[in-house]
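J.: Input data.tsv, format and content: TSV, C-alpha atoms.
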chain	number	residue	atom	x	y	z
A	1	ALA	CA	-21.12	12.43	-75.76
A	2	GLN	CA	-21.94	14.56	-78.72
A	3	SER	CA	-19.50	17.20	-79.84
A	4	VAL	CA	-19.22	19.63	-82.69
A	5	THR	CA	-16.01	21.16	-83.98
A	6	GLN	CA	-15.55	24.04	-86.37
A	7	PRO	CA	-11.84	24.13	-87.22
A	8	ASP	CA	-11.85	27.69	-88.53
A	9	ILE	CA	-12.27	30.40	-85.93
A	10	HIS	CA	-12.21	33.20	-88.47
A	11	ILE	CA	-12.38	33.32	-92.26
A	12	THR	CA	-12.02	36.28	-94.58
A	13	VAL	CA	-13.21	36.14	-98.18
A	14	SER	CA	-13.66	38.65	-100.95
A	15	GLU	CA	-17.14	39.56	-102.08
A	16	GLY	CA	-18.16	37.32	-104.97
A	17	ALA	CA	-15.80	34.54	-103.96
A	18	SER	CA	-16.98	31.08	-102.98
A	19	LEU	CA	-17.21	30.03	-99.36
A	20	GLU	CA	-16.91	26.79	-97.45
A	21	LEU	CA	-17.22	26.57	-93.67
A	22	ARG	CA	-16.20	23.31	-92.08
A	23	CYS	CA	-18.06	21.36	-89.43
A	24	ASN	CA	-17.28	17.97	-87.91
A	25	TYR	CA	-19.35	16.14	-85.34
A	26	SER	CA	-19.01	13.22	-83.01
A	27	TYR	CA	-22.13	11.14	-82.53
A	28	GLY	CA	-22.97	7.46	-82.43
A	29	ALA	CA	-25.88	7.47	-84.83
A	30	THR	CA	-26.92	9.71	-87.68
A	31	PRO	CA	-27.44	13.05	-86.04
A	32	TYR	CA	-29.74	15.89	-86.82
A	33	LEU	CA	-27.52	18.65	-88.17
A	34	PHE	CA	-28.06	22.38	-88.41
A	35	TRP	CA	-26.34	25.55	-89.51
A	36	TYR	CA	-27.30	28.82	-87.84
A	37	VAL	CA	-26.18	32.37	-88.57
A	38	GLN	CA	-25.85	35.21	-86.08
A	39	SER	CA	-25.59	38.80	-87.27
A	40	PRO	CA	-24.03	41.34	-84.89
A	41	GLY	CA	-26.26	42.08	-81.92
A	42	GLN	CA	-28.85	39.54	-82.99
A	43	GLY	CA	-30.02	36.09	-82.05
A	44	LEU	CA	-29.41	33.03	-84.20
A	45	GLN	CA	-31.33	32.22	-87.35
A	46	LEU	CA	-31.59	28.79	-88.95
A	47	LEU	CA	-29.93	28.56	-92.37
A	48	LEU	CA	-30.60	24.90	-93.10
A	49	LYS	CA	-30.99	21.47	-91.53
A	50	TYR	CA	-30.39	17.83	-92.33
A	51	PHE	CA	-32.42	14.97	-90.89
A	52	SER	CA	-32.32	12.25	-93.52
A	53	GLY	CA	-32.55	11.64	-97.25
A	54	ASP	CA	-30.62	13.67	-99.79
A	55	THR	CA	-27.23	14.49	-98.32
A	56	LEU	CA	-27.09	17.86	-100.08
A	57	VAL	CA	-29.49	20.29	-98.47
A	58	GLN	CA	-30.46	23.75	-99.60
A	59	GLY	CA	-31.10	26.60	-97.22
A	60	ILE	CA	-31.96	30.24	-97.16
A	61	LYS	CA	-29.83	33.07	-98.55
A	62	GLY	CA	-28.27	30.80	-101.19
A	63	PHE	CA	-26.48	28.50	-98.75
A	64	GLU	CA	-26.18	24.75	-99.04
A	65	ALA	CA	-24.56	22.02	-96.97
A	66	GLU	CA	-23.48	18.46	-97.62
A	67	PHE	CA	-23.65	15.64	-95.11
A	68	LYS	CA	-20.80	13.14	-95.43
A	69	ARG	CA	-21.23	10.25	-93.05
A	70	SER	CA	-17.80	8.76	-93.77
A	71	GLN	CA	-16.12	12.00	-92.75
A	72	SER	CA	-18.57	12.96	-90.00
A	73	SER	CA	-18.82	16.33	-91.67
A	74	PHE	CA	-21.52	18.81	-92.56
A	75	ASN	CA	-19.80	21.64	-94.41
A	76	LEU	CA	-21.61	24.82	-95.39
A	77	ARG	CA	-21.07	26.33	-98.83
A	78	LYS	CA	-22.07	29.33	-100.86
A	79	PRO	CA	-20.95	29.89	-104.46
A	80	SER	CA	-20.77	33.68	-104.29
A	81	VAL	CA	-20.53	35.59	-101.03
A	82	HIS	CA	-22.24	38.93	-100.48
A	83	TRP	CA	-21.06	41.61	-98.05
A	84	SER	CA	-24.23	41.03	-96.00
A	85	ASP	CA	-23.08	37.45	-95.30
A	86	ALA	CA	-20.51	38.75	-92.79
A	87	ALA	CA	-21.63	37.17	-89.51
A	88	GLU	CA	-21.00	34.33	-87.09
A	89	TYR	CA	-21.87	30.84	-88.30
A	90	PHE	CA	-22.67	28.00	-85.96
A	91	CYS	CA	-22.89	24.33	-86.75
A	92	ALA	CA	-25.10	22.32	-84.38
A	93	VAL	CA	-26.11	18.74	-83.71
A	94	GLY	CA	-29.33	17.58	-82.12
A	95	GLU	CA	-30.37	14.42	-80.38
A	96	THR	CA	-33.15	12.34	-81.89
A	97	SER	CA	-35.70	13.66	-79.44
A	98	TYR	CA	-34.65	17.26	-80.10
A	99	ASP	CA	-34.31	17.69	-76.38
A	100	LYS	CA	-31.00	19.47	-76.71
A	101	VAL	CA	-29.03	21.02	-79.48
A	102	ILE	CA	-25.26	21.26	-79.05
A	103	PHE	CA	-23.50	24.08	-80.84
A	104	GLY	CA	-20.01	24.28	-82.25
A	105	PRO	CA	-17.72	27.16	-81.28
A	106	GLY	CA	-18.63	29.17	-84.34
A	107	THR	CA	-16.78	30.61	-87.32
A	108	SER	CA	-16.59	34.34	-87.81
A	109	LEU	CA	-16.88	35.38	-91.46
A	110	SER	CA	-15.54	38.68	-92.75
A	111	VAL	CA	-16.22	39.82	-96.31
A	112	ILE	CA	-13.85	42.18	-98.12
A	113	PRO	CA	-15.56	44.49	-100.63
B	1	GLU	CA	-41.22	35.25	-88.52
B	2	ALA	CA	-40.22	34.08	-85.04
B	3	ASP	CA	-41.89	35.82	-82.13
B	4	ILE	CA	-39.64	35.48	-79.13
B	5	TYR	CA	-38.67	38.46	-77.06
B	6	GLN	CA	-36.02	39.11	-74.47
B	7	THR	CA	-35.73	42.00	-72.03
B	8	PRO	CA	-33.64	43.81	-71.18
B	9	ARG	CA	-31.38	43.80	-74.24
B	10	TYR	CA	-28.56	45.36	-72.23
B	11	LEU	CA	-28.04	45.49	-68.47
B	12	VAL	CA	-25.14	46.85	-66.43
B	13	ILE	CA	-25.36	46.22	-62.70
B	14	GLY	CA	-23.19	46.03	-59.61
B	15	THR	CA	-22.03	42.92	-57.82
B	16	GLY	CA	-24.52	41.35	-55.46
B	17	LYS	CA	-27.65	42.60	-57.21
B	18	LYS	CA	-30.52	40.29	-58.06
B	19	ILE	CA	-31.49	40.27	-61.72
B	20	THR	CA	-34.15	38.62	-63.82
B	21	LEU	CA	-33.87	38.22	-67.56
B	22	GLU	CA	-37.25	37.93	-69.23
B	23	CYS	CA	-38.09	35.71	-72.18
B	24	SER	CA	-41.49	35.43	-73.81
B	25	GLN	CA	-42.70	33.68	-76.94
B	26	THR	CA	-46.03	33.91	-78.71
B	27	MET	CA	-45.73	30.75	-80.81
B	28	GLY	CA	-47.17	28.35	-78.24
B	29	HIS	CA	-43.96	26.32	-78.16
B	30	ASP	CA	-43.62	23.86	-75.31
B	31	LYS	CA	-39.84	23.66	-75.30
B	32	MET	CA	-37.77	26.62	-74.20
B	33	TYR	CA	-34.05	27.03	-73.61
B	34	TRP	CA	-31.47	29.38	-72.17
B	35	TYR	CA	-28.01	29.51	-73.70
B	36	GLN	CA	-25.04	31.43	-72.34
B	37	GLN	CA	-22.83	32.87	-75.03
B	38	ASP	CA	-19.20	33.51	-74.13
B	39	PRO	CA	-17.27	36.51	-75.38
B	40	GLY	CA	-15.66	34.09	-77.85
B	41	MET	CA	-19.17	33.45	-79.17
B	42	GLU	CA	-19.49	29.77	-78.14
B	43	LEU	CA	-22.96	28.83	-76.89
B	44	HIS	CA	-23.59	26.67	-73.84
B	45	LEU	CA	-26.97	25.30	-72.78
B	46	ILE	CA	-27.66	26.26	-69.16
B	47	HIS	CA	-31.39	25.54	-68.74
B	48	TYR	CA	-34.28	24.04	-70.67
B	49	SER	CA	-37.93	23.25	-70.18
B	50	TYR	CA	-40.33	20.75	-71.75
B	51	GLY	CA	-43.38	22.72	-70.72
B	52	VAL	CA	-45.19	24.28	-67.77
B	53	ASN	CA	-43.67	23.30	-64.41
B	54	SER	CA	-40.77	21.55	-66.15
B	55	THR	CA	-37.20	22.82	-65.78
B	56	GLU	CA	-33.91	21.03	-66.37
B	57	LYS	CA	-30.28	22.00	-66.04
B	58	GLY	CA	-28.21	22.07	-69.17
B	59	ASP	CA	-24.67	21.02	-69.89
B	60	LEU	CA	-22.99	24.08	-68.41
B	61	SER	CA	-23.35	24.53	-64.68
B	62	SER	CA	-24.92	27.85	-63.85
B	63	GLU	CA	-25.80	29.66	-60.65
B	64	SER	CA	-28.90	31.00	-62.31
B	65	THR	CA	-32.39	29.57	-61.83
B	66	VAL	CA	-35.40	29.44	-64.12
B	67	SER	CA	-39.14	28.96	-63.78
B	68	ARG	CA	-41.92	27.97	-66.18
B	69	ILE	CA	-45.29	28.92	-64.77
B	70	ARG	CA	-46.79	29.82	-68.14
B	71	THR	CA	-46.10	28.30	-71.53
B	72	GLU	CA	-45.08	31.59	-73.05
B	73	HIS	CA	-42.79	32.80	-70.27
B	74	PHE	CA	-39.36	31.45	-69.20
B	75	PRO	CA	-37.50	33.93	-66.98
B	76	LEU	CA	-33.94	33.46	-65.76
B	77	THR	CA	-32.87	34.79	-62.36
B	78	LEU	CA	-29.54	35.45	-60.73
B	79	GLU	CA	-29.95	35.98	-56.98
B	80	SER	CA	-26.57	37.65	-56.52
B	81	ALA	CA	-24.77	38.71	-59.64
B	82	ARG	CA	-20.99	38.50	-59.90
B	83	PRO	CA	-18.53	39.67	-62.58
B	84	SER	CA	-18.16	36.03	-63.70
B	85	HIS	CA	-21.81	36.19	-64.80
B	86	THR	CA	-20.97	38.79	-67.42
B	87	SER	CA	-22.09	37.26	-70.69
B	88	GLN	CA	-24.78	37.24	-73.33
B	89	TYR	CA	-27.83	35.13	-72.55
B	90	LEU	CA	-29.90	33.79	-75.43
B	91	CYS	CA	-33.40	32.43	-75.05
B	92	ALA	CA	-34.86	30.00	-77.60
B	93	SER	CA	-37.96	27.91	-78.15
B	94	SER	CA	-39.09	25.00	-80.30
B	95	GLU	CA	-42.13	22.85	-80.85
B	96	VAL	CA	-42.19	19.46	-79.13
B	97	VAL	CA	-42.59	17.53	-82.36
B	98	ASP	CA	-41.31	19.40	-85.33
B	99	THR	CA	-38.29	19.92	-87.49
B	100	GLY	CA	-36.05	20.62	-84.53
B	101	GLU	CA	-35.57	24.27	-85.40
B	102	LEU	CA	-34.79	26.60	-82.55
B	103	PHE	CA	-36.18	30.11	-82.63
B	104	PHE	CA	-33.95	32.60	-80.83
B	105	GLY	CA	-34.54	35.92	-79.18
B	106	GLU	CA	-32.09	38.76	-79.76
B	107	GLY	CA	-30.29	38.13	-76.48
B	108	SER	CA	-29.68	39.92	-73.20
B	109	ARG	CA	-26.18	41.23	-72.71
B	110	LEU	CA	-25.35	41.34	-68.99
B	111	THR	CA	-22.37	43.19	-67.53
B	112	VAL	CA	-21.67	42.87	-63.82
B	113	LEU	CA	-19.26	45.39	-62.41
Could you render the structure from this file as structure tokens?
T.:
Amino acid sequence: AQSVTQPDIHITVSEGASLELRCNYSYGATPYLFWYVQSPGQGLQLLLKYFSGDTLVQGIKGFEAEFKRSQSSFNLRKPSVHWSDAAEYFCAVGETSYDKVIFGPGTSLSVIP
Amino acid sequence: EADIYQTPRYLVIGTGKKITLECSQTMGHDKMYWYQQDPGMELHLIHYSYGVNSTEKGDLSSESTVSRIRTEHFPLTLESARPSHTSQYLCASSEVVDTGELFFGEGSRLTVL
């Protein structure tokens, strides 16, 4: 069965610092991978996705993620964090048919001014 | 801009009441989903639908039921609410053949006293 782990429950960074959120997945084949962001009181918004091809994908709001098959990882990065990036971040994996998307437990990001 | 709406946003009710959470989307998406989001923010798929007259149970067992009579509408019903049903419920939709992106509503936060 598919599973997604996000080892960090909560991360605090200073504004302007770099950020890396970790995501590991368990899946037999190459999965479809996603990062979503949830601001307080809101639904989830897609940041970026990986299906195939270039293993470094660019997303919205200056985020990027790198797929590493050997490590079963899909870590999210941002070179310089803004206070508005404080939110919950969810890594997700989808089956080939897109029937279901399984979400990780989420990482809560706090940004110190 | 995603067009998926959930009502009510917040609901506080007593034990034993019947409730229906509404979800509507104007994008013509065939696939729709209900996720339950725990207080710890983890998301669990409880129901999904491939289209009109199609409903499937998700990975997390739920006492709720859903219906899909119209493409744009995917309501969730609890016949007799209990405190254990207290949670946030997120509705989402996606196209059948697309990039796999889920579009989320803002959620319905249910509190059962």
J.: Determine, for each residue of chain A having at least one atom at most 9 Å from an atom of chain B, the closest pair of atoms and their separation in Å to one decimal, counting all atoms listed in the file; order by chain and ascending number, as JSON lines.
T.:
{"residue": "A:Tyr32", "atom": "CA", "partner": "B:Gly100", "partner_atom": "CA", "distance": 8.2}
{"residue": "A:Phe34", "atom": "CA", "partner": "B:Glu101", "partner_atom": "CA", "distance": 8.3}
{"residue": "A:Gly41", "atom": "CA", "partner": "B:Glu106", "partner_atom": "CA", "distance": 7.0}
{"residue": "A:Gln42", "atom": "CA", "partner": "B:Glu106", "partner_atom": "CA", "distance": 4.6}
{"residue": "A:Gly43", "atom": "CA", "partner": "B:Glu106", "partner_atom": "CA", "distance": 4.1}
{"residue": "A:Leu44", "atom": "CA", "partner": "B:Phe104", "partner_atom": "CA", "distance": 5.7}
{"residue": "A:Gln45", "atom": "CA", "partner": "B:Phe104", "partner_atom": "CA", "distance": 7.0}
{"residue": "A:Leu46", "atom": "CA", "partner": "B:Glu101", "partner_atom": "CA", "distance": 7.0}
{"residue": "A:Lys49", "atom": "CA", "partner": "B:Glu101", "partner_atom": "CA", "distance": 8.1}
{"residue": "A:Phe51", "atom": "CA", "partner": "B:Thr99", "partner_atom": "CA", "distance": 8.4}
{"residue": "A:Glu88", "atom": "CA", "partner": "B:Met41", "partner_atom": "CA", "distance": 8.2}
{"residue": "A:Phe90", "atom": "CA", "partner": "B:Glu42", "partner_atom": "CA", "distance": 8.6}
{"residue": "A:Gly94", "atom": "CA", "partner": "B:Gly100", "partner_atom": "CA", "distance": 7.8}
{"residue": "A:Ser97", "atom": "CA", "partner": "B:Val97", "partner_atom": "CA", "distance": 8.4}
{"residue": "A:Tyr98", "atom": "CA", "partner": "B:Gly100", "partner_atom": "CA", "distance": 5.7}
{"residue": "A:Asp99", "atom": "CA", "partner": "B:Tyr50", "partner_atom": "CA", "distance": 8.2}
{"residue": "A:Lys100", "atom": "CA", "partner": "B:Leu45", "partner_atom": "CA", "distance": 8.1}
{"residue": "A:Val101", "atom": "CA", "partner": "B:Leu45", "partner_atom": "CA", "distance": 8.2}
{"residue": "A:Ile102", "atom": "CA", "partner": "B:Leu45", "partner_atom": "CA", "distance": 7.7}
{"residue": "A:Phe103", "atom": "CA", "partner": "B:Leu43", "partner_atom": "CA", "distance": 6.2}
{"residue": "A:Gly104", "atom": "CA", "partner": "B:Glu42", "partner_atom": "CA", "distance": 6.9}
{"residue": "A:Pro105", "atom": "CA", "partner": "B:Glu42", "partner_atom": "CA", "distance": 4.5}
{"residue": "A:Gly106", "atom": "CA", "partner": "B:Glu42", "partner_atom": "CA", "distance": 6.3}
{"residue": "A:Thr107", "atom": "CA", "partner": "B:Met41", "partner_atom": "CA", "distance": 9.0}
J.: Between CA of Leu48 in chain A and CA of Phe63 in chain A, measure the distance and give it in Å to one decimal.
T.: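 The value is 7.9 Å.
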J.: Quick one: distance from CA of Leu60 in chain B to CA of Ala65 in chain A in Å, one decimal?
T.: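 Computed distance, CA of Leu60 in chain B to CA of Ala65 in chain A, equals 28.7 Å.
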J.: Determine, counting all atoms listed in the file, which protein, DNA and RNA residues have an atom within 12 Å of an atom of Asp85 in chain A; residues of the same chain fewer than 6 positions away are not included. Present the result as a ChimeraX atom specification.
T.: /A:11-19,37-40,47,60-63,77-78,108-113
J.: For Leu76 in chain B, which residue out of B:Met27, B:Ile46, B:Leu113, B:Leu21 is the nearest one, using all atoms listed in the file?
T.: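 The shortest atom-to-atom distance to Leu76 in chain B comes from B:Leu21.
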J.: What's around range 79-83 of chain B at 10 Å? Count only C-alpha atoms, leave out sequence neighbours fewer than 5 positions away in its own chain, and write the answer as a PyMOL selection string.
T.: chain B and resi 13-20+63-65+110-113
J.: Just the number, please: distance in Å from CA of Ser80 in chain A to CA of Gly53 in chain A, one decimal.
T.: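 Between CA of Ser80 in chain A and CA of Gly53 in chain A the gap is 26.0 Å.
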J.: Can you tell me which residues surround Gln2 in chain A at a distance of at most 8 Å, considering all atoms listed in the file, apart from same-chain residues fewer than 4 positions away, and format the answer as an MDAnalysis selection string?
T.: chainID A and resid 25:27 93 102
J.: For His47 in chain B, which residue out of B:His29, B:His85, B:Ser67, B:Tyr5 is the nearest one, using all atoms listed in the file?
T.: B:Ser67
J.: Looking at all atoms listed in the file, which of B:Val12, B:Thr7, B:Ser93, B:Tyr35 is the one that sits closest to Thr71 in chain B?
T.: B:Ser93
J.: At most 9 Å from (-39.9, 26.6, -64.5), file frame, all atoms listed in the file: which residues, as a PyMOL selection string?
T.: chain B and resi 48-49+51-56+65-70+73-75
J.: Which one of A:Cys91, A:Leu76, A:Ala86, A:Val81 sits closest to Glu20 in chain A if you count only C-alpha atoms?
T.: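 Closest to Glu20 in chain A of all the choices is A:Leu76.
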